[in-house]
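Note: the block below is upload.txt and it holds compact mmCIF, C-alpha atoms.
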```txt
# COMPACT_ATOMS: atom_id res chain seq x y z
CA MET A 1 -14.45 9.53 -21.59
CA ALA A 2 -11.79 11.90 -20.24
CA THR A 3 -8.57 12.63 -22.06
CA THR A 4 -5.35 11.22 -20.67
CA PRO A 5 -3.44 13.90 -18.71
CA LYS A 6 0.28 14.49 -19.09
CA ILE A 7 2.72 13.73 -16.28
CA ARG A 8 4.21 17.00 -15.03
CA PRO A 9 7.04 16.18 -12.57
CA ARG A 10 6.99 19.46 -10.63
CA ALA A 11 3.22 19.46 -10.29
CA LEU A 12 3.36 15.77 -9.31
CA VAL A 13 5.83 16.51 -6.51
CA ARG A 14 3.56 19.23 -5.14
CA ALA A 15 0.50 17.01 -5.51
CA SER A 16 2.39 14.34 -3.55
CA GLY A 17 2.89 16.66 -0.57
CA GLY A 18 5.83 18.84 -1.59
CA PRO A 19 9.59 18.27 -1.89
CA ARG A 20 10.27 17.72 1.81
CA TYR A 21 7.47 15.21 2.12
CA VAL A 22 8.69 13.31 -0.94
CA VAL A 23 12.17 13.14 0.59
CA ALA A 24 10.59 11.84 3.81
CA LEU A 25 8.85 9.09 1.84
CA ALA A 26 12.11 8.09 0.16
CA VAL A 27 14.08 7.99 3.43
CA ASP A 28 11.31 6.02 5.16
CA ALA A 29 11.16 3.49 2.31
CA LEU A 30 14.93 3.05 2.25
CA GLY A 31 14.98 2.41 6.01
CA THR A 32 12.08 -0.03 5.74
CA GLY A 33 13.93 -2.00 3.06
CA LEU A 34 16.98 -2.32 5.30
CA LEU A 35 15.15 -4.22 8.05
CA ARG A 36 11.63 -5.32 7.16
CA PRO A 37 12.57 -8.20 4.81
CA PHE A 38 15.10 -9.47 7.36
CA LEU A 39 13.12 -9.12 10.59
CA LEU A 40 12.62 -12.88 10.81
CA LEU A 41 16.36 -13.39 10.27
CA TYR A 42 17.06 -10.84 13.04
CA GLY A 43 14.95 -12.79 15.50
CA VAL A 44 16.59 -16.09 14.63
CA THR A 45 20.20 -14.90 14.21
CA VAL A 46 20.59 -12.04 16.67
CA LEU A 47 18.07 -12.94 19.37
CA ARG A 48 18.47 -16.71 18.92
CA LEU A 49 14.72 -17.35 18.88
CA SER A 50 13.21 -20.34 17.14
CA ALA A 51 11.81 -19.75 13.67
CA PRO A 52 8.21 -20.66 14.67
CA ALA A 53 8.30 -18.35 17.71
CA THR A 54 9.71 -15.53 15.61
CA GLY A 55 7.11 -16.00 12.91
CA ILE A 56 4.23 -16.10 15.39
CA ALA A 57 5.48 -12.93 17.10
CA MET A 58 5.72 -11.11 13.76
CA THR A 59 2.24 -12.25 12.69
CA ALA A 60 0.78 -11.22 16.04
CA GLY A 61 2.38 -7.79 15.67
CA VAL A 62 0.76 -7.28 12.26
CA VAL A 63 -2.67 -8.52 13.36
CA VAL A 64 -2.77 -6.58 16.64
CA GLY A 65 -1.48 -3.53 14.77
CA LEU A 66 -4.71 -3.55 12.78
CA VAL A 67 -6.62 -2.71 15.97
CA CYS A 68 -5.21 0.83 15.86
CA MET A 69 -6.81 1.65 12.49
CA PRO A 70 -10.19 2.96 13.80
CA ALA A 71 -8.33 5.38 16.07
CA VAL A 72 -6.13 6.47 13.16
CA GLY A 73 -9.25 7.13 11.07
CA ARG A 74 -10.84 9.27 13.79
CA TRP A 75 -7.59 11.21 14.24
CA LEU A 76 -7.46 11.94 10.52
CA ASP A 77 -11.08 13.09 10.49
CA ARG A 78 -10.22 15.63 13.19
CA GLY A 79 -8.00 17.33 10.62
CA ALA A 80 -4.56 15.84 11.30
CA ARG A 81 -2.51 14.92 8.24
CA SER A 82 1.30 15.25 8.39
CA THR A 83 1.19 14.70 12.16
CA VAL A 84 -0.34 11.24 11.69
CA VAL A 85 2.24 10.37 9.04
CA ALA A 86 5.06 11.45 11.36
CA ALA A 87 3.50 9.53 14.26
CA SER A 88 3.39 6.32 12.19
CA MET A 89 7.12 6.73 11.59
CA LEU A 90 7.92 7.57 15.22
CA VAL A 91 6.09 4.46 16.42
CA ARG A 92 8.44 2.42 14.27
CA VAL A 93 11.41 4.25 15.79
CA LEU A 94 10.19 2.99 19.16
CA GLY A 95 9.87 -0.51 17.73
CA VAL A 96 13.43 -0.47 16.39
CA ALA A 97 14.79 0.89 19.67
CA LEU A 98 13.04 -1.87 21.59
CA LEU A 99 14.35 -4.40 19.08
CA LEU A 100 17.94 -3.26 19.68
CA ALA A 101 17.42 -3.39 23.45
CA THR A 102 15.94 -6.92 23.46
CA PRO A 103 18.28 -9.48 25.02
CA ALA A 104 18.77 -12.84 23.34
CA GLY A 105 15.98 -15.32 24.04
CA HIS A 106 13.32 -12.78 25.09
CA VAL A 107 10.48 -13.52 22.70
CA TRP A 108 7.97 -11.23 24.42
CA LEU A 109 10.14 -8.16 24.01
CA PHE A 110 10.64 -9.10 20.36
CA ALA A 111 6.88 -9.47 19.99
CA THR A 112 6.36 -6.01 21.52
CA ALA A 113 8.88 -4.53 19.09
CA ALA A 114 7.10 -6.27 16.22
CA LEU A 115 3.82 -4.81 17.50
CA PHE A 116 5.11 -1.22 17.35
CA LEU A 117 6.55 -1.87 13.90
CA GLY A 118 3.21 -3.37 12.86
CA ILE A 119 1.24 -0.36 14.13
CA GLY A 120 3.45 1.99 12.13
CA ASN A 121 3.29 -0.15 9.01
CA GLN A 122 -0.51 -0.32 9.17
CA ALA A 123 -1.08 3.35 10.02
CA TRP A 124 1.26 4.83 7.42
CA PRO A 125 -0.67 3.94 4.21
CA ALA A 126 -3.92 5.44 5.53
CA ALA A 127 -2.22 8.59 6.78
CA HIS A 128 -0.31 9.03 3.53
CA ALA A 129 -3.44 8.55 1.41
CA ALA A 130 -5.35 11.09 3.50
CA LEU A 131 -2.54 13.63 3.15
CA VAL A 132 -2.39 13.23 -0.64
CA ALA A 133 -6.20 13.38 -0.86
CA THR A 134 -6.07 16.73 0.95
CA VAL A 135 -3.42 18.26 -1.29
CA ALA A 136 -4.50 16.93 -4.70
CA HIS A 137 -7.75 16.14 -6.49
CA GLY A 138 -8.94 14.43 -9.65
CA CYS A 139 -6.37 12.78 -11.88
CA GLU A 140 -3.42 14.32 -10.06
CA ARG A 141 -4.54 12.71 -6.79
CA ASP A 142 -4.55 9.27 -8.42
CA THR A 143 -1.19 9.88 -10.06
CA ALA A 144 0.32 11.15 -6.81
CA LEU A 145 -0.85 8.04 -4.96
CA ALA A 146 0.64 5.89 -7.72
CA ALA A 147 3.90 7.84 -7.60
CA GLY A 148 4.10 7.34 -3.85
CA ARG A 149 3.75 3.58 -4.30
CA ALA A 150 6.42 3.52 -7.01
CA LEU A 151 8.78 5.56 -4.86
CA ARG A 152 8.18 3.32 -1.87
CA ASN A 153 8.87 0.17 -3.88
CA ALA A 154 12.05 1.70 -5.29
CA GLY A 155 13.28 2.76 -1.86
CA MET A 156 12.49 -0.57 -0.24
CA GLY A 157 14.16 -2.43 -3.11
CA ALA A 158 17.29 -0.31 -2.81
CA GLY A 159 17.33 -0.81 0.95
CA ALA A 160 16.91 -4.58 0.61
CA LEU A 161 19.78 -4.77 -1.91
CA LEU A 162 22.02 -2.75 0.39
CA ALA A 163 21.08 -4.93 3.35
CA THR A 164 21.72 -8.11 1.36
CA ALA A 165 25.24 -6.91 0.60
CA CYS A 166 25.83 -6.34 4.32
CA LEU A 167 24.47 -9.67 5.57
CA ALA A 168 27.88 -11.30 5.35
CA GLY A 169 28.66 -9.49 8.59
CA GLY A 170 26.26 -11.75 10.49
CA ALA A 171 24.50 -10.68 13.69
CA THR A 172 26.56 -7.51 14.05
CA ALA A 173 25.57 -6.38 10.56
CA LEU A 174 21.88 -7.00 11.29
CA GLN A 175 22.09 -4.92 14.45
CA ALA A 176 23.80 -2.13 12.52
CA LEU A 177 21.09 -2.26 9.84
CA ALA A 178 18.42 -2.02 12.53
CA ALA A 179 20.13 1.03 14.02
CA VAL A 180 20.33 2.73 10.62
CA THR A 181 16.65 1.90 10.06
CA GLY A 182 15.72 3.62 13.32
CA LEU A 183 17.68 6.72 12.32
CA ALA A 184 16.01 6.72 8.89
CA TYR A 185 12.56 6.53 10.50
CA LEU A 186 13.46 9.40 12.83
CA ALA A 187 14.73 11.57 9.97
CA ALA A 188 11.65 10.78 7.87
CA ALA A 189 9.31 11.58 10.77
CA THR A 190 11.03 14.93 11.29
CA LEU A 191 10.72 15.84 7.61
CA ALA A 192 7.07 14.72 7.44
CA TRP A 193 6.15 16.67 10.58
CA SER A 194 7.87 19.81 9.24
CA VAL A 195 5.39 19.93 6.36
CA HIS A 196 2.68 21.02 8.88
CA LEU A 197 -0.30 20.00 6.79
CA HIS A 198 -3.65 19.84 8.54
CA THR A 199 -7.27 20.76 7.87
CA HIS A 200 -10.23 21.82 9.93
CA PRO A 201 -12.62 18.91 10.61
CA ALA A 202 -15.24 18.84 7.87
CA ASN A 203 -18.85 19.64 8.70
CA PRO A 204 -21.16 16.86 7.46
CA ALA A 205 -23.83 19.45 6.59
CA GLU A 206 -21.37 21.39 4.44
CA ASP A 207 -20.25 18.11 2.91
CA GLY A 208 -23.74 17.57 1.59
CA ASP A 209 -24.20 14.37 3.55
CA ASP A 210 -25.49 14.33 7.10
CA GLY A 211 -25.49 10.52 7.21
CA PRO A 212 -22.70 8.06 7.87
CA ALA A 213 -19.97 7.28 5.37
CA PRO A 214 -20.77 4.73 2.67
CA ARG A 215 -20.20 1.24 4.03
CA MET A 216 -18.55 -0.01 0.84
CA ARG A 217 -19.11 -3.57 2.00
CA ALA A 218 -18.57 -5.16 -1.41
CA LEU A 219 -15.46 -3.08 -2.05
CA LEU A 220 -13.94 -3.91 1.34
CA ALA A 221 -14.72 -7.63 1.01
CA ALA A 222 -13.35 -7.67 -2.53
CA ASN A 223 -10.20 -5.90 -1.40
CA VAL A 224 -9.40 -8.74 1.00
CA VAL A 225 -9.27 -11.07 -2.02
CA TYR A 226 -7.60 -8.62 -4.40
CA VAL A 227 -4.73 -8.03 -2.00
CA PHE A 228 -3.68 -11.68 -2.27
CA CYS A 229 -1.90 -10.63 -5.47
CA LEU A 230 0.69 -8.78 -3.38
CA ASN A 231 1.83 -12.04 -1.78
CA VAL A 232 1.85 -14.10 -4.98
CA PRO A 233 5.45 -13.17 -5.97
CA GLU A 234 6.74 -13.54 -2.41
CA ILE A 235 4.91 -16.66 -1.22
CA ALA A 236 2.86 -18.52 -3.82
CA LEU A 237 5.31 -18.57 -6.72
CA PRO A 238 8.44 -19.54 -4.73
CA LEU A 239 6.40 -22.31 -3.08
CA ILE A 240 5.14 -23.65 -6.41
CA LEU A 241 8.45 -23.30 -8.24
CA VAL A 242 10.53 -25.05 -5.58
CA THR A 243 8.18 -27.70 -4.23
CA GLN A 244 6.12 -28.63 -7.30
CA LEU A 245 8.21 -27.75 -10.33
CA HIS A 246 11.56 -28.40 -8.59
CA ALA A 247 13.01 -25.30 -10.23
CA SER A 248 16.06 -23.37 -9.08
CA PRO A 249 15.43 -20.66 -6.46
CA VAL A 250 16.96 -18.27 -9.00
CA TRP A 251 13.59 -18.23 -10.80
CA SER A 252 11.84 -17.01 -7.66
CA ALA A 253 14.43 -14.28 -7.14
CA ALA A 254 14.19 -13.17 -10.78
CA ILE A 255 10.39 -12.98 -10.61
CA PHE A 256 10.52 -10.91 -7.43
CA VAL A 257 13.07 -8.49 -8.91
CA ALA A 258 11.04 -8.20 -12.13
CA ASN A 259 7.90 -7.49 -10.09
CA THR A 260 9.65 -4.67 -8.23
CA VAL A 261 11.11 -3.15 -11.38
CA LEU A 262 7.78 -3.26 -13.22
CA VAL A 263 5.92 -1.62 -10.32
CA VAL A 264 8.53 1.13 -10.02
CA THR A 265 8.60 1.88 -13.75
CA LEU A 266 4.97 1.30 -14.75
CA GLN A 267 2.83 2.29 -11.75
CA VAL A 268 2.55 5.96 -12.68
CA PRO A 269 2.25 5.59 -16.49
CA VAL A 270 -0.37 2.85 -16.20
CA THR A 271 -2.37 4.85 -13.65
CA VAL A 272 -2.31 7.87 -15.94
CA LEU A 273 -3.32 5.72 -18.90
CA MET A 274 -6.25 4.24 -16.96
CA SER A 275 -7.42 7.70 -15.88
CA ARG A 276 -9.63 7.91 -18.99
CA PHE A 277 -11.92 5.33 -17.38
CA SER A 278 -13.85 5.45 -14.10
CA ARG A 279 -12.00 4.13 -11.08
CA ARG A 280 -14.59 1.42 -10.46
CA THR A 281 -14.24 0.16 -14.03
CA VAL A 282 -10.46 0.06 -13.68
CA LEU A 283 -10.72 -1.87 -10.40
CA VAL A 284 -13.00 -4.42 -12.06
CA LEU A 285 -10.51 -4.71 -14.93
CA ALA A 286 -7.77 -5.36 -12.38
CA GLY A 287 -9.76 -8.29 -10.99
CA VAL A 288 -10.22 -9.76 -14.46
CA VAL A 289 -6.49 -9.45 -15.24
CA LEU A 290 -5.53 -11.01 -11.90
CA ALA A 291 -7.98 -13.89 -12.39
CA ALA A 292 -6.61 -14.47 -15.90
CA SER A 293 -3.07 -14.59 -14.51
CA TYR A 294 -4.09 -17.15 -11.88
CA LEU A 295 -5.53 -19.35 -14.62
CA GLY A 296 -2.28 -18.76 -16.52
CA PHE A 297 -0.31 -20.05 -13.54
CA LEU A 298 -2.56 -23.12 -13.51
CA ALA A 299 -1.76 -23.79 -17.16
CA ALA A 300 1.95 -23.06 -16.66
CA THR A 301 2.35 -25.51 -13.78
CA SER A 302 0.80 -28.25 -15.91
CA LEU A 303 3.84 -28.06 -18.21
CA GLY A 304 5.95 -29.64 -15.51
CA HIS A 305 9.72 -29.46 -15.07
CA GLY A 306 11.51 -27.76 -17.95
CA TRP A 307 9.01 -25.36 -19.51
CA GLY A 308 7.03 -24.83 -16.30
CA ALA A 309 9.37 -22.31 -14.64
CA PRO A 310 9.78 -20.03 -17.73
CA ALA A 311 6.01 -20.15 -18.28
CA VAL A 312 5.37 -19.15 -14.66
CA ALA A 313 7.84 -16.26 -15.04
CA PHE A 314 6.02 -15.07 -18.16
CA VAL A 315 2.60 -15.22 -16.52
CA SER A 316 3.97 -13.37 -13.48
CA VAL A 317 4.30 -10.29 -15.70
CA VAL A 318 0.55 -10.43 -16.35
CA CYS A 319 -0.07 -10.81 -12.61
CA THR A 320 2.12 -7.78 -11.91
CA CYS A 321 0.14 -5.76 -14.45
CA GLY A 322 -3.04 -6.69 -12.58
CA GLU A 323 -1.40 -5.65 -9.32
CA ILE A 324 -0.41 -2.28 -10.81
CA ILE A 325 -3.93 -1.62 -12.11
CA TYR A 326 -5.42 -2.64 -8.74
CA ALA A 327 -3.04 -0.47 -6.71
CA GLY A 328 -3.65 2.54 -8.92
CA SER A 329 -7.43 2.43 -8.61
CA ALA A 330 -8.45 0.92 -5.26
CA THR A 331 -7.35 3.64 -2.80
CA ALA A 332 -8.28 6.33 -5.31
CA LEU A 333 -11.82 4.92 -5.50
CA VAL A 334 -12.15 5.02 -1.71
CA THR A 335 -11.07 8.67 -1.57
CA VAL A 336 -13.81 9.51 -4.08
CA LEU A 337 -16.58 7.47 -2.44
CA ALA A 338 -15.96 8.80 1.07
CA PRO A 339 -17.49 12.15 2.08
CA THR A 340 -14.97 14.68 3.31
CA HIS A 341 -16.02 14.45 6.96
CA ALA A 342 -15.40 10.67 6.98
CA LEU A 343 -12.39 10.44 4.65
CA GLY A 344 -10.02 9.31 7.39
CA ARG A 345 -12.30 6.60 8.69
CA ALA A 346 -13.03 5.32 5.18
CA ILE A 347 -9.34 5.09 4.26
CA ALA A 348 -8.55 3.48 7.62
CA LEU A 349 -11.29 0.91 7.11
CA PHE A 350 -9.92 0.15 3.65
CA GLN A 351 -6.43 -0.27 5.10
CA LEU A 352 -7.93 -2.59 7.71
CA SER A 353 -9.25 -4.83 4.93
CA THR A 354 -5.87 -4.66 3.18
CA GLY A 355 -4.00 -5.61 6.34
CA PHE A 356 -6.41 -8.45 7.04
CA GLY A 357 -5.96 -9.80 3.51
CA LEU A 358 -2.18 -9.62 3.79
CA ALA A 359 -2.29 -11.34 7.18
CA VAL A 360 -4.45 -14.30 6.11
CA SER A 361 -3.15 -14.78 2.56
CA PRO A 362 0.06 -16.66 3.53
CA ALA A 363 -1.97 -19.16 5.55
CA VAL A 364 -4.55 -19.59 2.77
CA ILE A 365 -1.91 -20.00 0.07
CA THR A 366 0.16 -22.50 2.02
CA THR A 367 -2.98 -24.46 2.93
CA LEU A 368 -4.26 -24.70 -0.66
CA ALA A 369 -0.93 -25.34 -2.38
CA PRO A 370 -0.40 -28.94 -1.12
CA HIS A 371 -3.76 -29.93 -2.66
CA GLY A 372 -2.47 -29.21 -6.14
CA PRO A 373 -2.35 -26.32 -8.64
CA ALA A 374 -6.09 -26.52 -9.36
CA ALA A 375 -6.95 -26.03 -5.69
CA LEU A 376 -4.67 -23.00 -5.36
CA TRP A 377 -5.02 -21.16 -8.66
CA GLY A 378 -8.59 -22.24 -9.36
CA THR A 379 -9.74 -20.99 -5.97
CA LEU A 380 -7.89 -17.68 -6.32
CA ALA A 381 -9.24 -17.13 -9.84
CA THR A 382 -12.81 -17.88 -8.83
CA ALA A 383 -12.67 -15.72 -5.71
CA THR A 384 -11.11 -12.82 -7.62
CA LEU A 385 -13.72 -12.96 -10.41
CA LEU A 386 -16.50 -13.01 -7.84
CA SER A 387 -14.90 -10.03 -6.11
CA ALA A 388 -14.66 -8.13 -9.39
CA GLY A 389 -18.33 -8.82 -10.01
CA ALA A 390 -19.23 -7.54 -6.54
CA VAL A 391 -17.27 -4.33 -7.16
CA ALA A 392 -18.99 -3.85 -10.51
CA THR A 393 -22.50 -4.26 -9.11
CA GLU A 394 -22.10 -2.28 -5.89
CA LYS A 395 -24.07 0.96 -6.01
CA ASP A 396 -22.32 4.22 -5.24
CA GLN A 397 -23.94 6.19 -2.42
CA GLY A 398 -23.61 9.90 -2.96
CA ALA A 399 -20.31 9.55 -4.75
CA ALA A 400 -21.34 11.92 -7.50
CA GLN A 401 -20.94 14.84 -5.15
CA GLN A 402 -17.38 13.75 -4.45
CA LEU A 403 -16.25 14.42 -8.03
CA MET A 404 -15.22 18.05 -8.16
CA PRO A 405 -15.47 20.19 -11.27
CA PRO A 406 -12.09 20.85 -12.91
CA ARG A 407 -11.25 24.13 -11.22
CA ALA A 408 -13.10 23.47 -7.97
CA GLY A 409 -10.73 20.61 -7.27
CA MET A 410 -7.95 23.18 -6.90
CA LEU A 411 -9.49 24.77 -3.81
CA VAL A 412 -9.20 23.18 -0.39
CA SER A 413 -11.86 25.02 1.54
CA SER A 414 -10.54 23.90 4.90
CA ALA A 415 -7.77 25.79 6.68
CA ILE A 416 -4.37 24.46 5.60
CA ALA A 417 -0.98 25.17 7.06
CA PHE A 418 1.46 23.76 4.55
CA GLY A 419 5.18 23.99 5.30
CA ASP A 420 6.25 24.48 1.68
CA GLY A 421 4.81 27.96 1.57
CA LEU A 422 1.12 27.32 0.95
CA LYS A 423 -1.15 29.68 2.87
CA GLN A 424 -4.53 29.15 4.43
CA GLU A 425 -7.16 28.31 1.77
CA GLU A 426 -4.62 28.80 -1.03
CA LEU A 427 -5.13 27.26 -4.44
CA LEU A 428 -3.30 23.94 -4.52
CA PRO A 429 -1.97 22.19 -7.64
CA GLY A 430 -4.71 19.62 -7.34
CA ALA A 431 -6.58 18.98 -10.54
CA GLY A 432 -4.65 21.76 -12.19
CA GLY A 433 -7.41 22.33 -14.70
CA GLU A 434 -7.56 18.64 -15.60
CA ARG A 435 -10.85 16.82 -15.80
CA PRO A 436 -11.61 14.37 -13.01
CA GLN A 437 -10.87 10.76 -13.81
CA GLY A 438 -13.42 9.15 -16.07
CA THR A 439 -17.06 10.07 -15.68
CA GLY A 440 -17.59 8.76 -12.18
CA PRO A 441 -16.01 6.87 -9.31
```
Give the structure from the file, written as structure tokens.
Amino acid sequence: MATTPKIRPRALVRASGGPRYVVALAVDALGTGLLRPFLLLYGVTVLRLSAPATGIAMTAGVVVGLVCMPAVGRWLDRGARSTVVAASMLVRVLGVALLLATPAGHVWLFATAALFLGIGNQAWPAAHAALVATVAHGCERDTALAAGRALRNAGMGAGALLATACLAGGATALQALAAVTGLAYLAAATLAWSVHLHTHPANPAEDGDDGPAPRMRALLAANVVYVFCLNVPEIALPLILVTQLHASPVWSAAIFVANTVLVVTLQVPVTVLMSRFSRRTVLVLAGVVLAASYLGFLAATSLGHGWGAPAVAFVSVVCTCGEIIYAGSATALVTVLAPTHALGRAIALFQLSTGFGLAVSPAVITTLAPHGPAALWGTLATATLLSAGAVATEKDQGAAQQLMPPRAGMLVSSAIAFGDGLKQEELLPGAGGERPQGTGP
């Protein structure tokens, strides 16, 4: 069992892509928080579209945006890193520009804008993970990925709070927020592109694996179920609290805020704490914690009006802990399982499963909820436990070679042009002498 590494802020910033890239992440997250939670409201208030038409257009944009992921994976495997991140931001600039140019009542133009926003939102996580996987290795890679998620949640939360304060201005305020979002995306894209991080395409023979990338079928299928936890605070709990427990909407808002605060404050420390175990073990643990929280929600809703809402709020903390453990191990596991020459495609495929899970989870949750708490929470708990079992029993194919020795993780053998002063084939602050996480994937 590996020792728990210490969090070193300066090394973490470099492992996350460098100061400029971290600023780009913060600006991008802030801009996303200004508009993304209110896109439906923009369609209804500014463009005067019906709520169903707006919702369908947004869903179609997310689903169709998933189609771009195979191309993103191939682009990453050709060596692109910061360019793909910048492109994902520039696509969203185009989406915002089209949104601002859409006349009232034109649902197809709104749908096209939602499509560009969806492409950017789907491509960014894969591109970001590939960039971090290139710069950092071992425990520092996992911590850098966790730090990126915490920073993104903090930025989006701050943006959403700022936007909420401006909503009193009505349609004009929403248009102004959209314009600021577009400028934020443009600034973030410029900063990300200026990092100039790329690698030479890996040679499968040098990678020690001439065959295709591991299929990871069980992991990808399990991820579709795991990712439901991300929509529990936003969809499942408000639905249950308001329609079944007849609680005040304040409970839903408090749970959502608590979820955001816990992710921002605990994502990095928990990921570091879990680094003493293998990533696969941690991911299985996440499934067990999530399943336990779903059963806790089932018990909490049985208390009825009065004690039901406080009990749900308490159990939501357990669910958030499961979410944090899941987010800190899932992508990190994929980066270890994938051979270097197929890293981009593997991460893109994983993001495809994440996007699919996020797309179908609202429909599944809202379909199960009317049939009672047992139908909703019992189904989610059972599916999550089965997914955890599938992850635990899936055999790793050639993953052992992906775990670098302590010092070897510091060397990126491919040619790197890194805007913060790193030279070609320079030692990066990857593992920094730390042992790789756990004893295996």
For Leu117 in chain A: contacts at 7 Å, all atoms listed in the file, fewer than 4 positions along chain excluded, given as a PyMOL selection string: chain A and resi 91-92+95+113+121
Closest of A:Ser275, A:Thr143, A:Thr181, A:Thr199 to Leu94 in chain A - atom-to-atom distances counting only C-alpha atoms: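 Comparing A:Ser275, A:Thr143, A:Thr181, A:Thr199 against Leu94 in chain A, the winner is A:Thr181.
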Computed interatomic separation between CA of Thr301 in chain A and CA of Gly355 in chain A (Å): 29.0 Å
Considering only C-alpha atoms, give me a table of residues in range 97-182 of chain A that are at most 10 Å from range 309-332 of chain A, with the closest atom pair and distance in Å for each, as a tab-separated table.
```
residue	atom	partner	partner_atom	distance
A:Pro125	CA	A:Thr331	CA	9.7
A:Ala126	CA	A:Thr331	CA	9.2
A:Ala129	CA	A:Thr331	CA	7.6
A:Ala130	CA	A:Thr331	CA	10.0
A:Ala133	CA	A:Ala332	CA	8.6
A:His137	CA	A:Ala332	CA	9.9
A:Gly138	CA	A:Ala332	CA	9.2
A:Cys139	CA	A:Ala332	CA	9.4
A:Arg141	CA	A:Ala332	CA	7.5
A:Asp142	CA	A:Ala332	CA	5.7
A:Thr143	CA	A:Gly328	CA	7.8
A:Ala144	CA	A:Gly328	CA	9.7
A:Leu145	CA	A:Gly328	CA	7.3
A:Ala146	CA	A:Gly328	CA	5.6
A:Ala147	CA	A:Gly328	CA	9.3
A:Arg149	CA	A:Ala327	CA	8.3
A:Ala150	CA	A:Ile324	CA	9.7
```
Selected residue, from A:Gly105, A:Gly73, A:Pro9, A:Pro19, that lies nearest to Val44 in chain A when counting only C-alpha atoms: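 Going through A:Gly105, A:Gly73, A:Pro9, A:Pro19 one by one, the smallest distance to Val44 in chain A is for A:Gly105.
In this structure, CA of His200 in chain A sits 15.4 Å away from CA of Arg345 in chain A.
Pairwise distance (CA of Leu167 in chain A, CA of Leu39 in chain A) equals 12.4 Å.
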Exercise: Ser302 in chain A partners within 12 Å, all atoms listed in the file, chain neighbours under 6 positions left out, as number ranges by chain: A: 240-241, 244-245, 295-296, 308-309, 311-312, 372-374, 377
If you keep C-alpha atoms, can you produce a file of those selected residues as an mmCIF file, in the coordinates of the input?
```cif
data_model
loop_
_atom_site.group_PDB
_atom_site.id
_atom_site.type_symbol
_atom_site.label_atom_id
_atom_site.label_comp_id
_atom_site.auth_asym_id
_atom_site.auth_seq_id
_atom_site.Cartn_x
_atom_site.Cartn_y
_atom_site.Cartn_z
ATOM 1 C CA ILE A 240 5.140 -23.650 -6.410
ATOM 2 C CA LEU A 241 8.450 -23.300 -8.240
ATOM 3 C CA GLN A 244 6.120 -28.630 -7.300
ATOM 4 C CA LEU A 245 8.210 -27.750 -10.330
ATOM 5 C CA LEU A 295 -5.530 -19.350 -14.620
ATOM 6 C CA GLY A 296 -2.280 -18.760 -16.520
ATOM 7 C CA GLY A 308 7.030 -24.830 -16.300
ATOM 8 C CA ALA A 309 9.370 -22.310 -14.640
ATOM 9 C CA ALA A 311 6.010 -20.150 -18.280
ATOM 10 C CA VAL A 312 5.370 -19.150 -14.660
ATOM 11 C CA GLY A 372 -2.470 -29.210 -6.140
ATOM 12 C CA PRO A 373 -2.350 -26.320 -8.640
ATOM 13 C CA ALA A 374 -6.090 -26.520 -9.360
ATOM 14 C CA TRP A 377 -5.020 -21.160 -8.660
#
```
Add whatever atoms are absent from range 132-142 of chain A to reach N, CA and C atoms, and provide the output as a PDB file, in the coordinates of the input.
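Resulting contents of part.pdb:
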```
ATOM      1  N   VAL A 132      -2.358  12.983   0.803  1.00  0.00           N
ATOM      2  CA  VAL A 132      -2.390  13.230  -0.640  1.00  0.00           C
ATOM      3  C   VAL A 132      -3.788  13.651  -1.078  1.00  0.00           C
ATOM      4  N   ALA A 133      -4.827  13.029  -0.502  1.00  0.00           N
ATOM      5  CA  ALA A 133      -6.200  13.380  -0.860  1.00  0.00           C
ATOM      6  C   ALA A 133      -6.544  14.808  -0.456  1.00  0.00           C
ATOM      7  N   THR A 134      -5.849  15.348   0.530  1.00  0.00           N
ATOM      8  CA  THR A 134      -6.070  16.730   0.950  1.00  0.00           C
ATOM      9  C   THR A 134      -5.385  17.717   0.014  1.00  0.00           C
ATOM     10  N   VAL A 135      -4.216  17.354  -0.471  1.00  0.00           N
ATOM     11  CA  VAL A 135      -3.420  18.260  -1.290  1.00  0.00           C
ATOM     12  C   VAL A 135      -3.862  18.248  -2.749  1.00  0.00           C
ATOM     13  N   ALA A 136      -4.226  17.074  -3.271  1.00  0.00           N
ATOM     14  CA  ALA A 136      -4.500  16.930  -4.700  1.00  0.00           C
ATOM     15  C   ALA A 136      -5.896  16.383  -4.933  1.00  0.00           C
ATOM     16  N   HIS A 137      -6.406  16.598  -6.133  1.00  0.00           N
ATOM     17  CA  HIS A 137      -7.750  16.140  -6.490  1.00  0.00           C
ATOM     18  C   HIS A 137      -7.734  15.630  -7.929  1.00  0.00           C
ATOM     19  N   GLY A 138      -8.783  14.897  -8.278  1.00  0.00           N
ATOM     20  CA  GLY A 138      -8.940  14.430  -9.650  1.00  0.00           C
ATOM     21  C   GLY A 138      -7.818  13.510 -10.076  1.00  0.00           C
ATOM     22  N   CYS A 139      -7.399  13.645 -11.320  1.00  0.00           N
ATOM     23  CA  CYS A 139      -6.370  12.780 -11.880  1.00  0.00           C
ATOM     24  C   CYS A 139      -5.045  12.912 -11.152  1.00  0.00           C
ATOM     25  N   GLU A 140      -4.711  14.129 -10.719  1.00  0.00           N
ATOM     26  CA  GLU A 140      -3.420  14.320 -10.060  1.00  0.00           C
ATOM     27  C   GLU A 140      -3.373  13.607  -8.712  1.00  0.00           C
ATOM     28  N   ARG A 141      -4.512  13.469  -8.043  1.00  0.00           N
ATOM     29  CA  ARG A 141      -4.540  12.710  -6.790  1.00  0.00           C
ATOM     30  C   ARG A 141      -4.180  11.249  -7.073  1.00  0.00           C
ATOM     31  N   ASP A 142      -4.813  10.663  -8.087  1.00  0.00           N
ATOM     32  CA  ASP A 142      -4.550   9.270  -8.420  1.00  0.00           C
ATOM     33  C   ASP A 142      -3.096   9.065  -8.815  1.00  0.00           C
TER      34      ASP A 142
END
```
